[in-house]
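Colleague: Just dropping this structure here.
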Amino acid sequence: MAKKAMIEREKKREALVKKYAAKRAELKEIANDDTKPMEERFKARLKLAKLPRNSSATRLHNRCQLTGRPHAYYRKLKISRIALRDLGSAGQIPGMVKSSW
């Protein structure tokens, strides 16, 4: 199980990303528009830099929904390989059987 603080930090980041998503998209559109004057694009980049760092979507990290583990994460299931194995062994995932040979 991951530290509670790390899980909470990730939740805080998700909330910030969601809160600032529209504003970031708008500023990025202005900053990357070649038809606008250079001063306006530069001001948009400065405003973008003043937003919280954790509001950027690239700062998010996928974590297991059950354990909070950051590595070996299956996107489709939103759980880690270890949690997947435990659930499969317990018969809680339909059609999944733990292999042995």
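Ligands are numbered from 1 in the order shown, residues from 1 within each chain, and chains are lettered A, B, ... in the order they appear in the structure tokens.
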May I have the residues within 8 Å of Arg81 (chain A) as a list in words, using only C-alpha atoms and disregarding those fewer than 6 positions away in the same chain?

Modeller: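 Here the qualifying residues turn out to be Ala72, Tyr73 and Tyr74 of chain A.
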
Colleague: For the residues in the current selection, export N, CA and C atoms as a PDB file, in the first residue's frame.

Modeller:
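Result went into again.pdb, see below:
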```pdb
ATOM      1  N   ALA A  72       3.568  -0.552 -12.636  1.00  0.00           N
ATOM      2  CA  ALA A  72       2.880  -1.729 -13.180  1.00  0.00           C
ATOM      3  C   ALA A  72       1.370  -1.519 -13.168  1.00  0.00           C
ATOM      4  N   TYR A  73       0.939  -0.424 -13.768  1.00  0.00           N
ATOM      5  CA  TYR A  73      -0.456   0.008 -13.771  1.00  0.00           C
ATOM      6  C   TYR A  73      -1.105  -0.354 -15.098  1.00  0.00           C
ATOM      7  N   TYR A  74      -2.238  -1.039 -15.048  1.00  0.00           N
ATOM      8  CA  TYR A  74      -2.999  -1.360 -16.255  1.00  0.00           C
ATOM      9  C   TYR A  74      -4.046  -0.273 -16.465  1.00  0.00           C
TER      10      TYR A  74
END
```

Colleague: Mind checking DSSP for chain A and telling me the strand (DSSP E or B) residues as a list in words?

Modeller: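 Of chain A, the ones in strand (DSSP E or B) are Tyr73, Tyr74, Ile79 and Ser80 of chain A.
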
Colleague: Write out, as a compact mmCIF listing (two decimals), in the first residue's frame, the residues just selected, with C-alpha atoms.

Modeller:
```
# COMPACT_ATOMS: atom_id res chain seq x y z
CA TYR A 73 -0.46 0.01 -13.77
CA TYR A 74 -3.00 -1.36 -16.25
CA ILE A 79 -5.32 -1.27 -11.08
CA SER A 80 -1.78 -2.57 -10.63
```

Colleague: Considering only C-alpha atoms, can you say which of A:Ala5, A:Ile30, A:Leu84, A:Leu51 comes closest to Leu66 (chain A)?

Modeller: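 Between A:Ala5, A:Ile30, A:Leu84, A:Leu51, the residue approaching Leu66 (chain A) most closely is A:Leu84.
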
Colleague: Among chain A, which ones does DSSP place in helix (DSSP H, G or I), written as a PyMOL selection string?

Modeller: chain A and resi 4-32+38-50+53-55+57-59+81-89

Colleague: Keeping only C-alpha atoms, write those residues as a CSV table (one decimal), in the first residue's frame.

Modeller:
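Everything below was put into part-v1.csv:
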```csv
chain,number,residue,atom,x,y,z
A,4,LYS,CA,-1.6,8.0,2.2
A,5,ALA,CA,0.2,11.3,1.7
A,6,MET,CA,1.2,10.3,-1.9
A,7,ILE,CA,-2.3,9.2,-2.7
A,8,GLU,CA,-3.8,12.5,-1.3
A,9,ARG,CA,-1.2,14.5,-3.2
A,10,GLU,CA,-2.2,12.8,-6.4
A,11,LYS,CA,-5.9,13.6,-5.7
A,12,LYS,CA,-5.0,17.2,-5.1
A,13,ARG,CA,-3.2,17.3,-8.5
A,14,GLU,CA,-6.2,15.8,-10.2
A,15,ALA,CA,-8.4,18.5,-8.7
A,16,LEU,CA,-6.1,21.3,-9.8
A,17,VAL,CA,-5.8,19.9,-13.4
A,18,LYS,CA,-9.6,19.7,-13.6
A,19,LYS,CA,-10.0,23.3,-12.2
A,20,TYR,CA,-7.5,25.0,-14.5
A,21,ALA,CA,-8.0,22.8,-17.7
A,22,ALA,CA,-10.1,25.3,-19.6
A,23,LYS,CA,-7.9,28.3,-18.6
A,24,ARG,CA,-4.7,26.5,-19.6
A,25,ALA,CA,-6.2,25.4,-23.0
A,26,GLU,CA,-7.3,29.0,-23.7
A,27,LEU,CA,-3.8,30.4,-22.9
A,28,LYS,CA,-2.0,27.7,-24.9
A,29,GLU,CA,-4.2,28.4,-27.9
A,30,ILE,CA,-3.3,32.1,-27.7
A,31,ALA,CA,0.4,31.4,-27.1
A,32,ASN,CA,0.6,29.0,-30.1
A,38,MET,CA,4.3,38.6,-30.5
A,39,GLU,CA,3.5,40.7,-27.4
A,40,GLU,CA,0.1,39.1,-26.9
A,41,ARG,CA,1.5,35.6,-27.3
A,42,PHE,CA,4.3,36.4,-24.8
A,43,LYS,CA,1.7,37.7,-22.2
A,44,ALA,CA,-0.3,34.5,-22.6
A,45,ARG,CA,2.9,32.5,-21.9
A,46,LEU,CA,3.6,34.6,-18.8
A,47,LYS,CA,0.1,34.0,-17.5
A,48,LEU,CA,0.5,30.3,-18.2
A,49,ALA,CA,3.7,30.2,-16.2
A,50,LYS,CA,2.0,31.9,-13.3
A,53,ARG,CA,2.6,23.8,-11.6
A,54,ASN,CA,0.5,21.0,-10.4
A,55,SER,CA,-2.3,22.2,-12.7
A,57,ALA,CA,-1.8,17.4,-16.9
A,58,THR,CA,1.7,16.1,-17.4
A,59,ARG,CA,2.3,16.1,-13.6
A,81,ARG,CA,-0.5,-6.0,-11.6
A,82,ILE,CA,-0.4,-7.2,-8.0
A,83,ALA,CA,-4.0,-6.1,-7.3
A,84,LEU,CA,-5.1,-7.8,-10.6
A,85,ARG,CA,-3.4,-11.0,-9.6
A,86,ASP,CA,-5.1,-11.0,-6.1
A,87,LEU,CA,-8.5,-10.3,-7.6
A,88,GLY,CA,-8.0,-12.9,-10.3
A,89,SER,CA,-7.0,-15.5,-7.7
```

Colleague: Applying 7 Å and only C-alpha atoms, which residues near Gly68 (chain A) remain after dropping the ones on its own chain fewer than 5 positions away? List them as a list in words.

Modeller: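 Residues near the query, excluding close chain neighbours: Met1, Ala2, Ile7 and Arg63 of chain A.
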
Colleague: Export all heavy atoms of the chosen residues as a short mmCIF file (atom, residue, chain, number, x, y, z; two decimals), in the first residue's frame?

Modeller:
```
data_model
loop_
_atom_site.label_atom_id
_atom_site.label_comp_id
_atom_site.auth_asym_id
_atom_site.auth_seq_id
_atom_site.Cartn_x
_atom_site.Cartn_y
_atom_site.Cartn_z
N MET A 1 0.84 -1.18 0.00
CA MET A 1 0.00 0.00 0.00
C MET A 1 0.89 1.24 0.00
O MET A 1 1.85 1.33 0.74
CB MET A 1 -0.88 -0.04 1.25
CG MET A 1 -1.84 1.08 1.37
SD MET A 1 -3.38 0.61 0.64
CE MET A 1 -4.28 2.10 0.78
N ALA A 2 0.54 2.16 -0.86
CA ALA A 2 1.29 3.42 -0.95
C ALA A 2 1.00 4.30 0.26
O ALA A 2 0.00 4.11 0.96
CB ALA A 2 0.91 4.15 -2.22
N ILE A 7 -1.02 9.38 -2.09
CA ILE A 7 -2.33 9.21 -2.71
C ILE A 7 -3.11 10.52 -2.66
O ILE A 7 -3.72 10.95 -3.64
CB ILE A 7 -3.11 8.07 -2.02
CG1 ILE A 7 -2.39 6.74 -2.25
CG2 ILE A 7 -4.54 8.00 -2.54
CD1 ILE A 7 -2.92 5.58 -1.44
N ARG A 63 -2.16 5.81 -10.75
CA ARG A 63 -2.01 5.00 -9.54
C ARG A 63 -3.13 3.99 -9.47
O ARG A 63 -4.25 4.24 -9.92
CB ARG A 63 -2.06 5.87 -8.29
CG ARG A 63 -0.81 6.67 -8.07
CD ARG A 63 -0.84 7.40 -6.74
NE ARG A 63 0.44 8.03 -6.51
CZ ARG A 63 1.46 7.45 -5.88
NH1 ARG A 63 1.34 6.24 -5.41
NH2 ARG A 63 2.59 8.08 -5.72
#
```

Colleague: I'd like the interatomic distance between CA of Gly95 (chain A) and CA of His71 (chain A), to a tenth of an Å.

Modeller: 24.5 Å

Colleague: Between CA of Pro70 (chain A) and CA of Lys98 (chain A), what is the distance, to one decimal in Å?

Modeller: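 According to the coordinates, CA of Pro70 (chain A) and CA of Lys98 (chain A) are separated by 23.0 Å.
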
Colleague: I'd like the interatomic distance between CA of Pro52 (chain A) and CA of Thr35 (chain A), to a tenth of an Å.

Modeller: 27.5 Å
